[in-house]
Every structure is written in C-alpha cells, then in structure tokens.
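Structure first, commentary second.
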Amino acid sequence: MSFKTRAVAVAAGLGLALACAPGVALADELATVSEEPAVVTTLSEGISPADGARDAGVAADEGATGTPGSAGADVTGADAASDGAASAEGSDRAIEGAADAGAGDATSDEAPADEGAAADEGTGAEVAPDDGGSDPTDLLASSSLPAVGWTGDSYWDGTTNADGTARPYTGWVIDDHDGQGLQRYWVVDGQKFRGGLFDAGADGWGYALSDLGWVLRGRHDVGDLIYLANNDGRLLDCGWTVTGEFTGGELQRYYVEDDHAIHRGYAETGGYGHYVTDEGYVARGKSVDDDGTVALADNDGRTASAGWHVTGDYDGGVMQRYYVDPLTHVAALGLFTVDGARYCGVSGLGYVLRGKLAWGGTHVLLANNDGLLETAPGWLVTGAYDGGALQRYWIAEIEGEDGYFGALVDFFDVAGSSYFGDHREGYVRRNAHAWRLDEDDYTAEWLLADNDGVLSPDESDYSRLVNSYVSRIVAYALDDTHGYDQTFRWGEKGDYDCSSLVITCLREAGLATGGATYTGNMRDSLTGLDFVWIENPTELQRGDILLNETYHTGIYLGGGLLANASGNENGEATGGEPGDQTGREIWVRPYYDYPWDGVLRPKNYVA
C-alpha cells in the first residue's frame, strides 16, 4: 500500500483535533504592544515523508522557512503516526496523543487486515465483505473505478458504494502531491476546493487558496480583509481572540467579524470601538500603520475618544498633544483645522507639530507650544523656534492649501532684494553664503547674505576655483566625444572612468592632485594638498567631490545635481566604443547616495 493511500485512509477517518481560538482576555493578560510585530505569512511545509509516516493533524515542517515564531515557519504539530491503520473508537478512528507538539508522541493500534480500505462514518465508506467468490457485477464496476489518489484536482480515497461504484470523497487530505511539502487540502465530492471560505463542520472554518489549492495556514489578505488560520487550517473563530500564535508568542488581540475575516480599520463591533492595524490585531497604545496612520487605544483596544488628548501615555511620559478625528477615530494627520485654528499632525507620530517641520520642499511649518501654526504673512523675527536666538522668517501661504502658511525656503525675492530660506530651518540665511545654480547651463553664483539676509554676489578666489573645475566636468558631460573606459582611462581615446575624470578636471583647473590615481587613494592625496575630508556634511556645496573610496566618485554641481562617469554603452567597464554612445557614459544627473563615504571640499571654504 503506497504512502499516499495510507495517509489518505488515516486522514479520511481522523477526528482532527483543531485548536480552538481563545476567548476574550482581560487587559492584564496582554503583553505590551510590539513596535515591530513579526510578519506572518502563509505556511509552506517542506517534509518529504518516509514510507509509513502518517499525518494525524499537522506535520512537523522541517523544510519551512521564516523566522521562529512566525506563522510561516512555526508548524507545531507532531503528526507522524506509526505505520498501520488507526484503531476504531466509536464511529471514528483517532490517533491518541497526536495534535500539538506538547501533547506527546502519536500512537496507533495494529493495522486491520485490509490496508486498502477502512471504515469511515465521516464519509460513509464501508468495506465490502469478502465471500471468497468473484461477482461479475463487482468486476464490471471495478473496471470503471478511478485511480486511487489524485488525478489533477480530482481525488478518490478508494472507498466504494454497496454496488461497487466509487464513492465521492469529502473531507481532509494531507499529503505532498504538489511537491510543496505536506499541505492540507479540502475536498468536496471528489474535487479539490479552491473557492476560499469553506465550512469544515466540527473542524471549524477554513480558507482554500485559489492559486495554490491548499488550505491556508497563517495569513492571507484579500483587499482590506485579513484571514488568519492556525497550523491545522482552522480560521480564528468569530469574535474576540487573544493569542500570540501569529506574532512569535507576543499576545495580541484580534476581532473576527461574522464573515470569518478580520477587517482593517475602525469598527464598533465586539462591544466597543476598536481599530484593526495592518498587522491584523487591534491597536493598543500607539499603533502606526504603513501609511503613517496613528491609532490610540487602551490596553484592551478601546480607541481614544474624539477630540483633544494631552498626555504622556503614548510617548514614554513625554507630554504631547493629539487630536482624534471624530470621523476616522484615528489621530488627525497633515494640515487640519479645529474651531478655526490651524494645526499639523505629524505622520507616523500622530501628535500635533510643536516647533518646525519641513513641508513639501517649499516651506518650513512653524507651530507654537500649543500646536498653533503661524498664519500671519510677511516677516517674522523671533527666537521662539531657535532656543531664544533671533532669526528672520518670511511667512508665505502654501500653494494649494488655502489659509495655511509656512516659512518660505530656497531663493526668493521681496521688495527687490533676494534672500535664501534654509531648507531645514526655515529662517533666511544671514552672514553666510549660498550657491545659486542656473540649471540651463549649470553655471552658478556665489552669494553672500548680510545681517538682514539680503544677498549679493561674492566673486572670491574660492568661487572662481570651484566654478573652474565644475565647468570642466560639465563640459565633458555635454561632449559626446568623451565616454567611459577603464582600459584607456586617461583620455587616450577621449574616454575616462569615474576617478580619472574627476582628477583630470582638477588638474585642468590648476589644482595639484599629488599621487591621486583612483578612488582608493584620492582621499589621502587630496587632503594633503587643497582639500579637507568631511564625512557627514550638514549640507552639500557646489564643488564637493563625492567619494566612495572603494567604487565611485563624482562632483556635486548644486541644486540637487551631480556629474560623473558611470559606465560604457554596454553597462560595463571596458570594451565599448570610444565616445558616449548613450548620453549617460559621462553625464549630469540628479543627486543620489551611492552611498558616499564623505566629500572632499576645498580648504579655504568649509561651511
């Protein structure tokens, strides 16, 4: 008798002892909310069972992948039973002792005489008496019987009706016929069920995956619905469940609606308002979804009431202000208005802004200690946002956000004078420099701001030096007679690689480069001459030499752009045609973090 036949015979008669989901637990039974819950995935067992092994519920998964404790890797049953059919007890055969790993090893009785079939009141199968003779009717019926086991999505367990015809099978099958390790399948009238939800009677509800065909164990998402099933394929029961089965042992609270699914978002079923997170469990404390949504709730999952909450309960004792939206029942995020006052809820944190926040690359929002945003347009001179140090801000309305204002950043003009608003701080730069890039030809002005922030040109030696070598690399990038090559890298055929290009531009600008020949010795060579090394610059400056000492280099132009040599037309280091065949062998491109180890900057100006 083959393994699959024996395994089916056992599975057909088993009274599978599926674990019941726990009921509602008290608040003090719950663990602290996890900031980074484990990701739960659909289980996939990888056992190739030896001949004679049987599944008495859930097979131990020696081939599963995933982290310990996740539903994708924690196949907990101890399901291998000894060879031979299970003993009959009442109308069903049960393998005593099999179920959870903590229940001990499975045992079995002696095999019945006929290994090919066994009594099963769950399917109505009977063993036809052997009278020692040959009935022509039986022979005719047997000649038209299907093959035992799987034929595509069809399954027959070998049982027959009294007239010798095949009896369609309905129930569980546990095997590895798909070659994906032991899996659970639900069969209805001889066909593998792929239609999602199904009622397994005393075994509860399950969910059959349409693409794979096997029964869900772990998690499956359908839009905003989440299905969670234990290792026996049983979905969480409707109502409240407290379990750590899907979070590596950390207790969490789940609410399953009447359709046997968990619904993301806010609901008032189950006796009180609660918010279901992207992880499927109910928010407790402060919970943040992937999109930045912040839900606030007590330890039982009751969401915070609508309106203002000034509390340290969600931030380690640090007092913060939250506004819970009465429509969404989560913390209000982004720009919002309450009783005519303007606020901003910080995404991913939930509390209202107090202080500064960069907004849209065009403004920096300013909010006082109560969270009220600055809304008066024009000049604001204050020390309220900078530890008492007086700074100047130009407050302007945010485009597309009527009635909301912030400090304007980048270059702007007021009453005929030019200013530069710092992108991070919002105040205008004073007694400091700024590069203004012309993106049409990549030239730039070096400007100095006076104490009022008014900008004027500064034509110093520093600006002429930087503009000199920056203009050289731009010229190479715009001239397609120059391409990329690591074999002929010093311009023998007009081509360069990343380091030889930068070094050549410095030399052509009149700078000494010492022994610099490649990325690995550029830092040591150039810092011994006219450059300093800055590992973590607070702000990139025009002319900064971006350097990854192992792999790559380029020059920052300002305005979020850099120029570099980055590979030949085949995406390789050598072997291409001379010149730039693609326009991207040497080119100007948006800034990106290679990642860079740091920058080399001329010594006579270090901001």
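Convention: chains lettered A, B, ... in structure tokens order; per-chain residue numbering from 1; ligands numbered from 1 as shown.
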_Applying 9 Å and only C-alpha atoms, which residues near region 194-201 of chain A remain after dropping the ones on its own chain fewer than 4 positions away? List them as a PyMOL selection string._
chain A and resi 171-172+186+205-215+234+260
With a distance cut-off of 8 Å and only C-alpha atoms, select the neighbouring residues of region 352-366 of chain A, excluding the residue or stretch itself and same-chain residues fewer than 6 positions from it, and output the selection as a compact mmCIF listing (two decimals) with all heavy atoms, in the first residue's frame.
```
# COMPACT_ATOMS: atom_id res chain seq x y z
N GLN A 320 2.48 65.12 24.95
CA GLN A 320 2.23 65.51 23.57
C GLN A 320 0.74 65.77 23.40
O GLN A 320 -0.07 65.31 24.21
CB GLN A 320 2.68 64.42 22.59
CG GLN A 320 4.17 64.16 22.56
CD GLN A 320 4.97 65.29 21.93
OE1 GLN A 320 4.43 66.30 21.46
NE2 GLN A 320 6.29 65.14 21.93
N ARG A 321 0.42 66.50 22.33
CA ARG A 321 -0.97 66.85 22.04
C ARG A 321 -1.44 66.05 20.82
O ARG A 321 -0.79 66.07 19.76
CB ARG A 321 -1.11 68.34 21.75
CG ARG A 321 -0.82 69.22 22.94
CD ARG A 321 -0.81 70.69 22.54
NE ARG A 321 -2.11 71.16 22.08
CZ ARG A 321 -3.09 71.60 22.85
NH1 ARG A 321 -2.92 71.65 24.17
NH2 ARG A 321 -4.22 72.02 22.34
N TYR A 322 -2.55 65.37 20.98
CA TYR A 322 -3.17 64.60 19.89
C TYR A 322 -4.58 65.10 19.67
O TYR A 322 -5.29 65.46 20.62
CB TYR A 322 -3.24 63.11 20.24
CG TYR A 322 -1.91 62.43 20.42
CD1 TYR A 322 -1.26 62.46 21.64
CD2 TYR A 322 -1.32 61.75 19.37
CE1 TYR A 322 -0.05 61.83 21.82
CE2 TYR A 322 -0.10 61.10 19.54
CZ TYR A 322 0.53 61.15 20.76
OH TYR A 322 1.74 60.51 20.93
N TYR A 323 -4.99 65.07 18.41
CA TYR A 323 -6.40 65.33 18.11
C TYR A 323 -6.95 64.12 17.39
O TYR A 323 -6.50 63.78 16.27
CB TYR A 323 -6.58 66.58 17.25
CG TYR A 323 -8.04 66.90 17.00
CD1 TYR A 323 -8.81 67.50 18.00
CD2 TYR A 323 -8.65 66.57 15.80
CE1 TYR A 323 -10.15 67.77 17.79
CE2 TYR A 323 -9.98 66.84 15.58
CZ TYR A 323 -10.74 67.43 16.58
OH TYR A 323 -12.06 67.70 16.39
N LEU A 333 -3.83 63.79 10.94
CA LEU A 333 -2.50 63.97 10.38
C LEU A 333 -2.52 65.04 9.29
O LEU A 333 -3.56 65.31 8.70
CB LEU A 333 -1.97 62.67 9.79
CG LEU A 333 -1.87 61.48 10.74
CD1 LEU A 333 -1.33 60.27 10.00
CD2 LEU A 333 -0.99 61.81 11.94
N TYR A 343 -3.61 73.53 12.49
CA TYR A 343 -2.66 72.61 13.11
C TYR A 343 -2.06 71.69 12.05
O TYR A 343 -2.55 71.62 10.91
CB TYR A 343 -3.35 71.75 14.17
CG TYR A 343 -4.04 72.53 15.28
CD1 TYR A 343 -5.39 72.89 15.15
CD2 TYR A 343 -3.36 72.87 16.43
CE1 TYR A 343 -6.02 73.59 16.15
CE2 TYR A 343 -4.00 73.58 17.45
CZ TYR A 343 -5.33 73.94 17.30
OH TYR A 343 -5.96 74.63 18.30
N CYS A 344 -1.05 70.96 12.45
CA CYS A 344 -0.48 69.92 11.59
C CYS A 344 -0.17 68.69 12.43
O CYS A 344 0.60 68.77 13.40
CB CYS A 344 0.80 70.41 10.90
SG CYS A 344 1.60 69.14 9.89
N GLY A 345 -0.79 67.55 12.08
CA GLY A 345 -0.48 66.29 12.74
C GLY A 345 0.70 65.62 12.04
O GLY A 345 0.73 65.52 10.82
N VAL A 346 1.66 65.16 12.81
CA VAL A 346 2.89 64.61 12.25
C VAL A 346 2.67 63.14 11.87
O VAL A 346 2.35 62.31 12.72
CB VAL A 346 4.05 64.72 13.24
CG1 VAL A 346 5.34 64.19 12.61
CG2 VAL A 346 4.22 66.17 13.68
N LEU A 372 -0.41 75.61 17.49
CA LEU A 372 -0.99 76.57 16.55
C LEU A 372 0.06 76.99 15.53
O LEU A 372 1.16 77.43 15.89
CB LEU A 372 -1.51 77.80 17.30
CG LEU A 372 -2.74 77.57 18.19
CD1 LEU A 372 -2.97 78.77 19.09
CD2 LEU A 372 -3.97 77.30 17.33
N LEU A 373 -0.28 76.87 14.25
CA LEU A 373 0.63 77.24 13.17
C LEU A 373 0.67 78.76 13.00
O LEU A 373 -0.33 79.45 13.21
CB LEU A 373 0.19 76.60 11.86
CG LEU A 373 0.27 75.08 11.76
CD1 LEU A 373 -0.35 74.62 10.45
CD2 LEU A 373 1.71 74.61 11.86
N GLU A 374 1.86 79.25 12.60
CA GLU A 374 1.98 80.67 12.23
C GLU A 374 1.16 80.90 10.96
O GLU A 374 1.27 80.16 9.99
CB GLU A 374 3.44 81.03 11.97
CG GLU A 374 4.33 80.91 13.19
CD GLU A 374 4.11 82.03 14.21
OE1 GLU A 374 3.34 82.98 13.89
OE2 GLU A 374 4.68 81.96 15.30
N TYR A 385 11.58 79.75 18.04
CA TYR A 385 11.81 78.44 17.42
C TYR A 385 13.28 78.03 17.36
O TYR A 385 13.62 77.01 16.78
CB TYR A 385 11.23 78.45 16.00
CG TYR A 385 9.75 78.78 15.98
CD1 TYR A 385 9.31 80.02 15.53
CD2 TYR A 385 8.81 77.86 16.43
CE1 TYR A 385 7.96 80.32 15.53
CE2 TYR A 385 7.46 78.17 16.43
CZ TYR A 385 7.04 79.40 15.97
OH TYR A 385 5.69 79.70 15.97
N ILE A 398 1.03 78.49 1.62
CA ILE A 398 1.41 77.27 0.92
C ILE A 398 0.49 77.10 -0.28
O ILE A 398 -0.74 77.12 -0.14
CB ILE A 398 1.32 76.05 1.85
CG1 ILE A 398 2.24 76.24 3.06
CG2 ILE A 398 1.67 74.76 1.11
CD1 ILE A 398 2.05 75.19 4.13
N PHE A 405 0.06 78.52 6.18
CA PHE A 405 1.27 79.29 5.90
C PHE A 405 2.49 78.60 6.49
O PHE A 405 2.40 77.80 7.43
CB PHE A 405 1.16 80.70 6.50
CG PHE A 405 0.09 81.55 5.86
CD1 PHE A 405 -1.25 81.36 6.15
CD2 PHE A 405 0.44 82.55 4.96
CE1 PHE A 405 -2.23 82.14 5.58
CE2 PHE A 405 -0.54 83.33 4.37
CZ PHE A 405 -1.88 83.13 4.68
N GLY A 406 3.65 78.96 5.92
CA GLY A 406 4.91 78.47 6.46
C GLY A 406 6.03 79.39 6.02
O GLY A 406 5.85 80.28 5.18
N ALA A 407 7.23 79.16 6.58
CA ALA A 407 8.39 79.96 6.21
C ALA A 407 8.89 79.51 4.84
O ALA A 407 9.11 78.32 4.61
CB ALA A 407 9.49 79.78 7.25
N LEU A 408 9.06 80.45 3.91
CA LEU A 408 9.48 80.14 2.55
C LEU A 408 10.96 79.77 2.54
O LEU A 408 11.77 80.40 3.23
CB LEU A 408 9.23 81.35 1.65
CG LEU A 408 9.17 81.12 0.15
CD1 LEU A 408 8.06 80.14 -0.20
CD2 LEU A 408 8.96 82.45 -0.56
N VAL A 409 11.32 78.74 1.74
CA VAL A 409 12.71 78.29 1.66
C VAL A 409 13.24 78.44 0.25
O VAL A 409 12.49 78.72 -0.68
CB VAL A 409 12.86 76.83 2.14
CG1 VAL A 409 12.38 76.68 3.57
CG2 VAL A 409 12.14 75.86 1.21
N ASP A 410 14.55 78.26 0.09
CA ASP A 410 15.27 78.42 -1.17
C ASP A 410 15.34 79.92 -1.50
O ASP A 410 15.15 80.77 -0.64
CB ASP A 410 14.63 77.60 -2.29
CG ASP A 410 15.67 77.08 -3.27
OD1 ASP A 410 16.41 77.89 -3.82
OD2 ASP A 410 15.75 75.85 -3.45
N HIS A 423 16.58 75.31 3.92
CA HIS A 423 15.61 74.24 3.67
C HIS A 423 15.22 73.48 4.94
O HIS A 423 14.11 72.94 5.03
CB HIS A 423 16.16 73.25 2.64
CG HIS A 423 16.18 73.78 1.26
ND1 HIS A 423 17.22 74.52 0.75
CD2 HIS A 423 15.24 73.72 0.26
CE1 HIS A 423 16.96 74.87 -0.50
NE2 HIS A 423 15.77 74.40 -0.82
N ARG A 424 16.12 73.40 5.89
CA ARG A 424 15.81 72.64 7.11
C ARG A 424 15.25 73.53 8.22
O ARG A 424 14.33 73.14 8.93
CB ARG A 424 17.06 71.92 7.62
CG ARG A 424 17.55 70.80 6.71
CD ARG A 424 18.80 70.15 7.29
NE ARG A 424 19.85 71.13 7.49
CZ ARG A 424 20.68 71.14 8.53
NH1 ARG A 424 20.57 70.25 9.47
NH2 ARG A 424 21.61 72.07 8.64
N GLU A 425 15.81 74.74 8.36
CA GLU A 425 15.44 75.59 9.49
C GLU A 425 14.35 76.61 9.16
O GLU A 425 13.63 77.05 10.05
CB GLU A 425 16.69 76.33 10.00
CG GLU A 425 17.81 75.41 10.46
CD GLU A 425 17.42 74.59 11.67
OE1 GLU A 425 16.46 74.99 12.39
OE2 GLU A 425 18.06 73.56 11.92
N GLY A 426 14.26 77.00 7.91
CA GLY A 426 13.21 77.94 7.52
C GLY A 426 13.62 79.39 7.58
O GLY A 426 13.10 80.21 6.81
```
*Using DSSP on the backbone, list every residue of region 191-369 of chain A that comes out as strand (DSSP E), and give them as a ChimeraX atom specification.*
/A:191-192,196-199,205-208,218-222,225-229,239-243,252-256,262-263,265-267,274-276,285-288,294-297,307-311,320-324,334-338,341-345,355-359,363-367
*Near region 456-462 of chain A, within 6 Å and counting only C-alpha atoms, which residues show up once chain neighbours fewer than 6 positions away are dropped, as a PyMOL selection string?*
chain A and resi 446-448
Mind dumping the selected residues with C-alpha atoms as a PDB file, in the first residue's frame?
```pdb
ATOM      1  CA  TRP A 446      28.400  82.533  -5.114  1.00  0.00           C
ATOM      2  CA  LEU A 447      26.260  84.864  -2.978  1.00  0.00           C
ATOM      3  CA  LEU A 448      26.795  86.370   0.456  1.00  0.00           C
TER       4      LEU A 448
END
```
Determine, counting only C-alpha atoms, which protein, DNA and RNA residues have an atom within 10 Å of an atom of Arg342 (chain A); residues of the same chain fewer than 3 positions away are not included. Present the result as an mmCIF file with all heavy atoms, in the first residue's frame.
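Heads up, here's the output in part37.cif:
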```cif
data_model
loop_
_atom_site.group_PDB
_atom_site.id
_atom_site.type_symbol
_atom_site.label_atom_id
_atom_site.label_comp_id
_atom_site.auth_asym_id
_atom_site.auth_seq_id
_atom_site.Cartn_x
_atom_site.Cartn_y
_atom_site.Cartn_z
ATOM 1 N N LEU A 335 -2.273 68.802 7.554
ATOM 2 C CA LEU A 335 -2.878 70.084 7.895
ATOM 3 C C LEU A 335 -4.356 69.899 8.207
ATOM 4 O O LEU A 335 -5.078 69.269 7.438
ATOM 5 C CB LEU A 335 -2.698 71.060 6.726
ATOM 6 C CG LEU A 335 -1.235 71.305 6.289
ATOM 7 C CD1 LEU A 335 -1.205 72.166 5.035
ATOM 8 C CD2 LEU A 335 -0.433 71.928 7.408
ATOM 9 N N PHE A 336 -4.794 70.420 9.341
ATOM 10 C CA PHE A 336 -6.213 70.328 9.692
ATOM 11 C C PHE A 336 -6.605 71.529 10.541
ATOM 12 O O PHE A 336 -5.764 72.220 11.124
ATOM 13 C CB PHE A 336 -6.531 69.016 10.404
ATOM 14 C CG PHE A 336 -5.906 68.859 11.770
ATOM 15 C CD1 PHE A 336 -6.595 69.217 12.929
ATOM 16 C CD2 PHE A 336 -4.628 68.329 11.905
ATOM 17 C CE1 PHE A 336 -6.025 69.065 14.184
ATOM 18 C CE2 PHE A 336 -4.045 68.167 13.152
ATOM 19 C CZ PHE A 336 -4.745 68.532 14.304
ATOM 20 N N THR A 337 -7.900 71.756 10.613
ATOM 21 C CA THR A 337 -8.439 72.908 11.325
ATOM 22 C C THR A 337 -9.428 72.450 12.388
ATOM 23 O O THR A 337 -10.251 71.560 12.141
ATOM 24 C CB THR A 337 -9.166 73.867 10.351
ATOM 25 O OG1 THR A 337 -8.242 74.307 9.350
ATOM 26 C CG2 THR A 337 -9.733 75.074 11.078
ATOM 27 N N VAL A 338 -9.326 73.015 13.586
ATOM 28 C CA VAL A 338 -10.284 72.757 14.667
ATOM 29 C C VAL A 338 -10.733 74.107 15.213
ATOM 30 O O VAL A 338 -9.888 74.899 15.669
ATOM 31 C CB VAL A 338 -9.657 71.909 15.794
ATOM 32 C CG1 VAL A 338 -10.657 71.728 16.940
ATOM 33 C CG2 VAL A 338 -9.195 70.566 15.261
ATOM 34 N N ASP A 339 -12.020 74.371 15.135
ATOM 35 C CA ASP A 339 -12.596 75.624 15.629
ATOM 36 C C ASP A 339 -11.870 76.839 15.052
ATOM 37 O O ASP A 339 -11.597 77.832 15.756
ATOM 38 C CB ASP A 339 -12.545 75.668 17.163
ATOM 39 C CG ASP A 339 -13.384 74.578 17.799
ATOM 40 O OD1 ASP A 339 -14.393 74.174 17.177
ATOM 41 O OD2 ASP A 339 -13.022 74.099 18.894
ATOM 42 N N ALA A 367 5.084 76.031 14.459
ATOM 43 C CA ALA A 367 3.932 75.904 15.364
ATOM 44 C C ALA A 367 4.372 76.188 16.791
ATOM 45 O O ALA A 367 5.458 75.752 17.216
ATOM 46 C CB ALA A 367 3.330 74.506 15.262
ATOM 47 N N GLY A 371 0.622 74.025 19.481
ATOM 48 C CA GLY A 371 0.409 73.418 18.179
ATOM 49 C C GLY A 371 -0.171 74.354 17.143
ATOM 50 O O GLY A 371 -0.412 73.944 16.012
ATOM 51 N N LEU A 372 -0.405 75.615 17.495
ATOM 52 C CA LEU A 372 -0.987 76.574 16.555
ATOM 53 C C LEU A 372 0.057 76.989 15.533
ATOM 54 O O LEU A 372 1.158 77.425 15.890
ATOM 55 C CB LEU A 372 -1.508 77.803 17.303
ATOM 56 C CG LEU A 372 -2.739 77.567 18.191
ATOM 57 C CD1 LEU A 372 -2.973 78.770 19.094
ATOM 58 C CD2 LEU A 372 -3.966 77.302 17.330
ATOM 59 N N LEU A 373 -0.285 76.870 14.246
ATOM 60 C CA LEU A 373 0.627 77.242 13.175
ATOM 61 C C LEU A 373 0.670 78.760 12.998
ATOM 62 O O LEU A 373 -0.333 79.450 13.205
ATOM 63 C CB LEU A 373 0.187 76.604 11.856
ATOM 64 C CG LEU A 373 0.271 75.083 11.756
ATOM 65 C CD1 LEU A 373 -0.353 74.616 10.448
ATOM 66 C CD2 LEU A 373 1.715 74.606 11.855
ATOM 67 N N GLU A 374 1.861 79.255 12.601
ATOM 68 C CA GLU A 374 1.981 80.669 12.229
ATOM 69 C C GLU A 374 1.162 80.904 10.964
ATOM 70 O O GLU A 374 1.268 80.157 9.985
ATOM 71 C CB GLU A 374 3.441 81.029 11.975
ATOM 72 C CG GLU A 374 4.334 80.911 13.194
ATOM 73 C CD GLU A 374 4.109 82.034 14.208
ATOM 74 O OE1 GLU A 374 3.339 82.979 13.892
ATOM 75 O OE2 GLU A 374 4.681 81.963 15.302
ATOM 76 N N THR A 375 0.330 81.927 10.979
ATOM 77 C CA THR A 375 -0.552 82.182 9.833
ATOM 78 C C THR A 375 -0.518 83.625 9.355
ATOM 79 O O THR A 375 -1.243 83.965 8.417
ATOM 80 C CB THR A 375 -2.006 81.823 10.180
ATOM 81 O OG1 THR A 375 -2.419 82.561 11.343
ATOM 82 C CG2 THR A 375 -2.153 80.328 10.438
ATOM 83 N N GLY A 403 -5.202 79.220 3.424
ATOM 84 C CA GLY A 403 -5.242 79.517 4.844
ATOM 85 C C GLY A 403 -4.117 78.898 5.649
ATOM 86 O O GLY A 403 -4.041 79.126 6.868
ATOM 87 N N TYR A 404 -3.234 78.131 4.998
ATOM 88 C CA TYR A 404 -2.094 77.530 5.703
ATOM 89 C C TYR A 404 -0.805 78.188 5.231
ATOM 90 O O TYR A 404 -0.586 78.372 4.023
ATOM 91 C CB TYR A 404 -2.034 76.023 5.457
ATOM 92 C CG TYR A 404 -3.159 75.271 6.113
ATOM 93 C CD1 TYR A 404 -4.326 74.970 5.403
ATOM 94 C CD2 TYR A 404 -3.081 74.879 7.440
ATOM 95 C CE1 TYR A 404 -5.372 74.280 6.003
ATOM 96 C CE2 TYR A 404 -4.121 74.195 8.048
ATOM 97 C CZ TYR A 404 -5.264 73.898 7.328
ATOM 98 O OH TYR A 404 -6.286 73.220 7.926
ATOM 99 N N PHE A 405 0.064 78.523 6.182
ATOM 100 C CA PHE A 405 1.269 79.291 5.900
ATOM 101 C C PHE A 405 2.494 78.599 6.489
ATOM 102 O O PHE A 405 2.395 77.797 7.427
ATOM 103 C CB PHE A 405 1.157 80.704 6.495
ATOM 104 C CG PHE A 405 0.095 81.549 5.860
ATOM 105 C CD1 PHE A 405 -1.252 81.358 6.153
ATOM 106 C CD2 PHE A 405 0.435 82.550 4.955
ATOM 107 C CE1 PHE A 405 -2.229 82.139 5.576
ATOM 108 C CE2 PHE A 405 -0.544 83.332 4.369
ATOM 109 C CZ PHE A 405 -1.880 83.128 4.676
#
```
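With only C-alpha atoms as the atoms that count, the minimum distance from Gly560 (chain A) to the choices A:Arg472, A:His482, A:Arg436, A:Arg584 is reached by A:Arg436.
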_Using Å and a single decimal, report how far CA of Val532 (chain A) sits from CA of Arg429 (chain A)._
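Computing the Euclidean distance for CA of Arg429 (chain A) and CA of Val532 (chain A) yields 23.9 Å.
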*Do you have the CA of Ser305 (chain A)-CA of Thr247 (chain A) distance handy?*
27.7 Å
_For a quick check of understanding, using only C-alpha atoms, which of A:Gly292, A:Pro590, A:Gly307, A:Pro146 has the smallest distance to Thr165 (chain A)?_
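Of A:Gly292, A:Pro590, A:Gly307, A:Pro146, the one nearest Thr165 (chain A), counting only C-alpha atoms, is A:Pro146.
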*asked:* Considering only C-alpha atoms, can you say which of A:Leu557, A:Leu562, A:Ile174, A:Leu380 comes closest to Ala396 (chain A)?
replied: A:Leu380
*Distance CA of Gly158 (chain A)-CA of Asp203 (chain A), one decimal place?*
23.2 Å
*Residue with smallest distance to Tyr605 (chain A) - pool A:Asp178, A:Glu585, A:Asp593, A:Asp544, counting only C-alpha atoms*: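 With only C-alpha atoms as the atom set, the closest residue is A:Asp544.
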*Could you pull the residues within 10 Å of Ser566 (chain A), counting only C-alpha atoms, minus those fewer than 3 positions along the same chain, as a ChimeraX atom specification?*
/A:483-485,496-498,552-554,563,569,571-573,584-587
*asked:* Set the distance at 9 Å and use only C-alpha atoms: which residues neighbour Gly510 (chain A) once local chain neighbours fewer than 3 positions away are removed? I'd like the list as a ChimeraX atom specification.
replied: /A:465,468-469,505-507
